[in-house]
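Data from work24.cif: mmCIF, C-alpha atoms and all ligand atoms
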data_coords
#
loop_
_atom_site.group_PDB
_atom_site.id
_atom_site.type_symbol
_atom_site.label_atom_id
_atom_site.label_comp_id
_atom_site.auth_asym_id
_atom_site.auth_seq_id
_atom_site.Cartn_x
_atom_site.Cartn_y
_atom_site.Cartn_z
ATOM 1 C CA MET Y 2 113.472 204.760 159.687
ATOM 2 C CA LEU Y 3 113.659 201.235 161.044
ATOM 3 C CA LYS Y 4 117.202 201.744 162.250
ATOM 4 C CA TYR Y 5 116.093 204.792 164.248
ATOM 5 C CA THR Y 6 113.253 202.843 165.848
ATOM 6 C CA PRO Y 7 113.760 201.984 169.523
ATOM 7 C CA ALA Y 8 114.176 198.285 170.326
ATOM 8 C CA LYS Y 9 111.235 198.480 172.751
ATOM 9 C CA ILE Y 10 108.883 199.241 169.862
ATOM 10 C CA LYS Y 11 110.196 196.262 167.897
ATOM 11 C CA LYS Y 12 109.577 194.084 170.961
ATOM 12 C CA ARG Y 13 106.046 195.431 171.310
ATOM 13 C CA THR Y 14 105.446 194.515 167.673
ATOM 14 C CA ILE Y 15 106.310 190.891 168.344
ATOM 15 C CA LYS Y 16 104.273 190.841 171.569
ATOM 16 C CA THR Y 17 101.111 192.604 170.457
ATOM 17 C CA VAL Y 18 100.528 192.395 166.694
ATOM 18 C CA ARG Y 19 97.958 189.672 166.049
ATOM 19 C CA SER Y 20 97.200 189.917 162.347
ATOM 20 C CA ILE Y 21 98.330 191.684 159.194
ATOM 21 C CA ARG Y 22 96.238 191.773 156.034
ATOM 22 C CA THR Y 23 97.437 193.203 152.739
ATOM 23 C CA VAL Y 24 94.634 195.423 151.443
ATOM 24 C CA ARG Y 25 96.063 196.634 148.146
ATOM 25 C CA ALA Y 26 99.422 196.722 146.367
ATOM 26 C CA THR Y 27 99.578 198.830 143.221
ATOM 27 C CA LEU Y 28 101.967 200.754 141.027
ATOM 28 C CA ASP Y 29 101.229 204.409 141.543
ATOM 29 C CA SER Y 30 102.649 207.876 141.087
ATOM 30 C CA ASP Y 31 102.459 211.209 142.871
ATOM 31 C CA GLU Y 32 104.392 214.467 143.192
ATOM 32 C CA PHE Y 33 107.556 212.561 144.217
ATOM 33 C CA GLY Y 34 107.494 210.250 141.168
ATOM 34 C CA THR Y 35 106.458 206.680 140.464
ATOM 35 C CA CYS Y 36 106.173 204.310 143.378
ATOM 36 C CA GLN Y 37 104.934 200.976 144.642
ATOM 37 C CA LYS Y 38 102.086 201.704 147.031
ATOM 38 C CA ILE Y 39 100.863 199.156 149.524
ATOM 39 C CA THR Y 40 98.257 199.342 152.265
ATOM 40 C CA PHE Y 41 97.716 196.961 155.169
ATOM 41 C CA LYS Y 42 95.235 196.433 157.983
ATOM 42 C CA VAL Y 43 97.156 195.660 161.158
ATOM 43 C CA LEU Y 44 95.432 194.393 164.291
ATOM 44 C CA ALA Y 45 97.293 194.666 167.584
ATOM 45 C CA THR Y 46 95.694 195.520 170.929
ATOM 46 C CA THR Y 47 92.840 197.835 169.956
ATOM 47 C CA ILE Y 48 91.182 198.627 166.628
ATOM 48 C CA PRO Y 49 92.676 197.609 163.253
ATOM 49 C CA ARG Y 50 95.044 200.259 161.938
ATOM 50 C CA LYS Y 51 95.551 201.346 158.344
ATOM 51 C CA VAL Y 52 99.212 201.319 157.358
ATOM 52 C CA THR Y 53 100.433 202.781 154.053
ATOM 53 C CA ILE Y 54 103.902 202.497 152.540
ATOM 54 C CA LYS Y 55 105.145 203.951 149.267
ATOM 55 C CA LEU Y 56 108.480 202.873 147.840
ATOM 56 C CA TYR Y 57 109.998 205.164 145.225
ATOM 57 C CA LYS Y 58 112.637 204.667 142.520
ATOM 58 C CA PRO Y 59 111.409 201.420 140.926
ATOM 59 C CA GLU Y 60 114.791 201.215 139.182
ATOM 60 C CA LEU Y 61 116.152 200.214 142.593
ATOM 61 C CA ILE Y 62 113.919 197.108 142.789
ATOM 62 C CA GLY Y 63 116.284 194.341 143.713
ATOM 63 C CA LYS Y 64 118.103 196.575 146.164
ATOM 64 C CA THR Y 65 117.076 196.049 149.759
ATOM 65 C CA LEU Y 66 114.069 197.949 151.061
ATOM 66 C CA TYR Y 67 116.286 200.116 153.180
ATOM 67 C CA GLN Y 68 118.113 201.514 150.163
ATOM 68 C CA ARG Y 69 114.949 202.900 148.585
ATOM 69 C CA PRO Y 70 113.283 206.230 149.383
ATOM 70 C CA ALA Y 71 110.083 205.519 151.276
ATOM 71 C CA TRP Y 72 106.963 207.301 152.486
ATOM 72 C CA VAL Y 73 105.032 205.817 155.384
ATOM 73 C CA HIS Y 74 101.870 206.408 157.406
ATOM 74 C CA CYS Y 75 99.815 204.718 160.124
ATOM 75 C CA ASP Y 76 96.534 205.965 161.558
ATOM 76 C CA CYS Y 77 97.356 204.928 165.161
ATOM 77 C CA GLU Y 78 97.670 207.368 168.043
ATOM 78 C CA TRP Y 79 101.368 206.664 168.553
ATOM 79 C CA PHE Y 80 102.214 207.564 164.981
ATOM 80 C CA LYS Y 81 100.037 210.681 165.215
ATOM 81 C CA PHE Y 82 101.630 212.045 168.387
ATOM 82 C CA PHE Y 83 105.220 210.761 168.159
ATOM 83 C CA CYS Y 84 106.186 210.140 164.536
ATOM 84 C CA GLU Y 85 104.030 212.010 162.031
ATOM 85 C CA VAL Y 86 105.602 215.483 162.173
ATOM 86 C CA ALA Y 87 109.195 214.204 162.532
ATOM 87 C CA LEU Y 88 108.793 212.022 159.417
ATOM 88 C CA ALA Y 89 106.826 214.615 157.455
ATOM 89 C CA LYS Y 90 109.678 217.102 157.924
ATOM 90 C CA ARG Y 91 111.935 214.645 156.112
ATOM 91 C CA ASN Y 92 109.391 214.063 153.312
ATOM 92 C CA SER Y 93 108.947 210.516 154.626
ATOM 93 C CA SER Y 94 105.332 211.044 155.650
ATOM 94 C CA ALA Y 95 102.691 213.768 155.688
ATOM 95 C CA VAL Y 96 100.728 215.620 158.328
ATOM 96 C CA ILE Y 97 97.374 213.863 158.132
ATOM 97 C CA ASN Y 98 96.095 213.136 161.644
ATOM 98 C CA SER Y 99 98.216 215.380 163.875
ATOM 99 C CA ASN Y 100 97.993 219.159 164.164
ATOM 100 C CA GLY Y 101 101.380 219.514 162.436
ATOM 101 C CA LYS Y 102 103.040 221.227 165.408
ATOM 102 C CA PRO Y 103 106.472 220.029 166.574
ATOM 103 C CA PRO Y 104 106.025 217.155 169.080
ATOM 104 C CA LYS Y 105 107.692 219.008 171.989
ATOM 105 C CA GLU Y 106 106.533 216.561 174.653
ATOM 106 C CA THR Y 107 106.431 213.261 172.811
ATOM 107 C CA ASN Y 108 109.412 213.476 170.443
ATOM 108 C CA PRO Y 109 111.302 216.718 171.161
ATOM 109 C CA ARG Y 110 114.308 215.812 169.011
ATOM 110 C CA GLU Y 111 112.008 214.787 166.145
ATOM 111 C CA TRP Y 112 113.674 211.442 165.785
ATOM 112 C CA PRO Y 113 112.461 209.825 162.500
ATOM 113 C CA TYR Y 114 111.157 206.473 163.686
ATOM 114 C CA ILE Y 115 108.099 204.311 163.063
ATOM 115 C CA CYS Y 116 105.309 202.750 165.148
ATOM 116 C CA LYS Y 117 104.874 199.049 165.891
ATOM 117 C CA HIS Y 118 102.275 198.610 163.122
ATOM 118 C CA LEU Y 119 104.764 199.788 160.500
ATOM 119 C CA VAL Y 120 107.490 197.576 161.961
ATOM 120 C CA ALA Y 121 105.068 194.644 161.685
ATOM 121 C CA VAL Y 122 104.429 194.997 157.942
ATOM 122 C CA LEU Y 123 108.046 195.370 156.788
ATOM 123 C CA PRO Y 124 108.685 191.622 156.350
ATOM 124 C CA LYS Y 125 105.639 191.499 154.030
ATOM 125 C CA LEU Y 126 107.047 194.039 151.606
ATOM 126 C CA GLN Y 127 109.635 191.833 149.938
ATOM 127 C CA ARG Y 128 107.069 189.288 148.782
ATOM 128 C CA ALA Y 129 104.249 191.673 147.849
ATOM 129 C CA LYS Y 130 103.002 191.510 144.253
ATOM 130 C CA PHE Y 131 102.178 194.941 142.873
ATOM 131 C CA LYS Y 132 99.461 195.246 140.217
ATOM 132 C CA MET Y 133 98.729 197.964 137.756
ATOM 133 C CA PRO Y 134 95.835 200.052 139.074
ATOM 134 C CA ARG Y 135 92.516 199.116 137.503
ATOM 135 C CA ILE Y 136 91.196 201.808 135.219
ATOM 136 C CA ARG Y 137 87.439 201.945 134.846
ATOM 137 C CA PRO Y 138 86.347 204.000 131.837
ATOM 138 C CA THR Y 139 83.118 205.934 132.227
ATOM 139 C CA GLN Y 140 80.338 205.653 129.631
ATOM 140 C CA ASP Y 141 81.471 209.065 128.405
ATOM 141 C CA ASP Y 142 85.038 207.731 127.880
ATOM 142 C CA ILE Y 143 83.713 204.741 125.946
ATOM 143 C CA ASP Y 144 81.488 206.909 123.725
ATOM 144 C CA PHE Y 145 84.422 209.233 123.060
ATOM 145 C CA ILE Y 146 86.819 206.441 122.179
ATOM 146 C CA LEU Y 147 84.287 204.761 119.861
ATOM 147 C CA LYS Y 148 83.647 208.066 118.103
ATOM 148 C CA GLU Y 149 87.397 208.573 117.634
ATOM 149 C CA VAL Y 150 87.744 205.094 116.178
ATOM 150 C CA ASP Y 151 84.843 205.805 113.794
ATOM 151 C CA ARG Y 152 86.677 208.885 112.531
ATOM 152 C CA TYR Y 153 89.701 206.839 111.540
ATOM 153 C CA ILE Y 154 87.879 203.738 110.320
ATOM 154 C CA PRO Y 155 84.964 205.002 108.272
ATOM 155 C CA GLY Y 156 82.295 202.727 106.910
ATOM 156 C CA VAL Y 157 81.812 199.134 108.146
HETATM 157 ZN ZN ZN S 201 100.808 202.541 164.124
#

Is it possible to express this structure as structure tokens?
Ligand SMILES: [Zn+2]
Amino acid sequence: MLKYTPAKIKKRTIKTVRSIRTVRATLDSDEFGTCQKITFKVLATTIPRKVTIKLYKPELIGKTLYQRPAWVHCDCEWFKFFCEVALAKRNSSAVINSNGKPPKETNPREWPYICKHLVAVLPKLQRAKFKMPRIRPTQDDIDFILKEVDRYIPGV
């Protein structure tokens, strides 16, 4: 996706992106398999944007980022109108903010490229530390587990 991204967008990244904050980096899984999921808040010229990246095939950790299947999303207007449908068609994103129609005016050839916010976070990916997601048992879970334990360890 980066290699399909016009140089002008990469230049705009350097010119306009003011801050990048890592919000969360966890090991996750979905219909495409297990992945490393990371979200960022990226501030450029207007409001902070939420950027999400999922990297699949953990067995390829150690390969470069560009050799791993990825899913990306940004909630900016550029991504919505230019990138979202083109990437979703290649299973590299999903239709979330756009209407899902082909971008006839803005990206008629449906070129699979990314917005400046996504370009900005890529250097952060290599050093990100991914945690196991925190599981919070409900009171019901705890009661259930304790009851199960009592069944196997009677007395005490
Ligand atoms: Zn964006």

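Within 10 Å of stretch 134-148 of chain Y there are Arg25, Ala26, Thr27, Leu28, Asp29, Phe131, Asp151, Arg152, Tyr153 and Ile154 of chain Y, counting all atoms listed in the file and ignoring same-chain residues fewer than 3 positions away.
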
Counting all atoms listed in the file, which residues in chain Y sit no more than 9 Å from ligand ZN 201 (chain S)? For each one, give the nearest pair of atoms and the distance in Å, sorted by chain then residue number, as JSON lines.
{"residue": "Y:Val43", "atom": "CA", "partner": "S:ZN201", "partner_atom": "ZN", "distance": 8.3}
{"residue": "Y:Arg50", "atom": "CA", "partner": "S:ZN201", "partner_atom": "ZN", "distance": 6.6}
{"residue": "Y:Lys51", "atom": "CA", "partner": "S:ZN201", "partner_atom": "ZN", "distance": 7.9}
{"residue": "Y:Val52", "atom": "CA", "partner": "S:ZN201", "partner_atom": "ZN", "distance": 7.1}
{"residue": "Y:His74", "atom": "CA", "partner": "S:ZN201", "partner_atom": "ZN", "distance": 7.8}
{"residue": "Y:Cys75", "atom": "CA", "partner": "S:ZN201", "partner_atom": "ZN", "distance": 4.7}
{"residue": "Y:Asp76", "atom": "CA", "partner": "S:ZN201", "partner_atom": "ZN", "distance": 6.0}
{"residue": "Y:Cys77", "atom": "CA", "partner": "S:ZN201", "partner_atom": "ZN", "distance": 4.3}
{"residue": "Y:Glu78", "atom": "CA", "partner": "S:ZN201", "partner_atom": "ZN", "distance": 7.0}
{"residue": "Y:Trp79", "atom": "CA", "partner": "S:ZN201", "partner_atom": "ZN", "distance": 6.1}
{"residue": "Y:Phe80", "atom": "CA", "partner": "S:ZN201", "partner_atom": "ZN", "distance": 5.3}
{"residue": "Y:Lys81", "atom": "CA", "partner": "S:ZN201", "partner_atom": "ZN", "distance": 8.2}
{"residue": "Y:Ile115", "atom": "CA", "partner": "S:ZN201", "partner_atom": "ZN", "distance": 7.6}
{"residue": "Y:Cys116", "atom": "CA", "partner": "S:ZN201", "partner_atom": "ZN", "distance": 4.6}
{"residue": "Y:Lys117", "atom": "CA", "partner": "S:ZN201", "partner_atom": "ZN", "distance": 5.6}
{"residue": "Y:His118", "atom": "CA", "partner": "S:ZN201", "partner_atom": "ZN", "distance": 4.3}
{"residue": "Y:Leu119", "atom": "CA", "partner": "S:ZN201", "partner_atom": "ZN", "distance": 6.0}
{"residue": "Y:Val120", "atom": "CA", "partner": "S:ZN201", "partner_atom": "ZN", "distance": 8.6}

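Here atom CA of Y:Arg91 and atom CA of Y:Val122 stand 21.1 Å from one another.
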
Quiz item: Which residue, Y:Pro113, Y:Cys36, Y:Ala129, Y:Lys105, has the smallest gap to Y:Lys4 when you use all atoms listed in the file?
Solution: Y:Pro113

Quiz prompt | Hits of the PyMOL selection byres (((chain Y and resi 60-70) around 10) and not hetatm) in this structure, as a list in words | solution = Met2, Leu3, Lys4, Phe33, Cys36, Gln37, Lys55, Leu56, Tyr57, Lys58, Pro59, Ala71, Trp72, Asn92, Ser93, Leu123, Pro124, Leu126 and Gln127 of chain Y

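Here atom CA of Y:Thr14 and atom CA of Y:Ala89 stand 22.6 Å from one another.
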
Quiz item: Between Y:Lys90, Y:Glu149, Y:Ala121, Y:Lys11, which has the minimum distance to Y:Lys42 (counting only C-alpha atoms)?
Solution: Y:Ala121

Could the centre and edge lengths of an axis-aligned box, enclosing all atoms of stretch 56-66 of chain Y in the file with 4 Å extra on each side, be given in Å to one decimal as JSON?
{"center_x": 113.3, "center_y": 199.8, "center_z": 145.1, "size_x": 17.6, "size_y": 18.8, "size_z": 19.9}

Practice problem: Please provide the set of residues having any atom within 7 Å of Y:Val18, restricted to all atoms listed in the file, with same-chain residues fewer than 2 positions apart removed, written as an MDAnalysis selection string. | Solution: chainID Y and resid 14:16 20 44:45

Quiz item: Evaluating the PyMOL selection byres (((chain Y and resi 23) around 7) and not hetatm) on the displayed file yields which residues, as number ranges by chain?
Solution: Y: 21-22, 24-25, 40-42

So that I can check the surroundings of Y:Glu85, please list as a CSV table (one decimal) with C-alpha atoms, in the coordinates of the input every protein, DNA and RNA residue that reaches within 8 Å of it, counting all atoms listed in the file and ignoring chain neighbours fewer than 6 positions away.
chain,number,residue,atom,x,y,z
Y,74,HIS,CA,101.9,206.4,157.4
Y,94,SER,CA,105.3,211.0,155.6
Y,95,ALA,CA,102.7,213.8,155.7
Y,96,VAL,CA,100.7,215.6,158.3
Y,97,ILE,CA,97.4,213.9,158.1
Y,99,SER,CA,98.2,215.4,163.9
Y,101,GLY,CA,101.4,219.5,162.4

Exercise. Could you tell me how far atom CA of Y:Lys12 lies from atom CA of Y:Pro103, in Å and to one decimal?
Key: 26.5 Å

Quiz item: Looking at only C-alpha atoms, which of Y:Asp31, Y:Cys84, Y:Ile39, Y:Asn100 is the one that sits closest to Y:Tyr5?
Solution: Y:Cys84

Self-check item: Picked residues, the PyMOL selection byres (((chain Y and resi 107) around 9) and not hetatm), as a ChimeraX atom specification
Solution: /Y:82-84,104-106,108-109,111
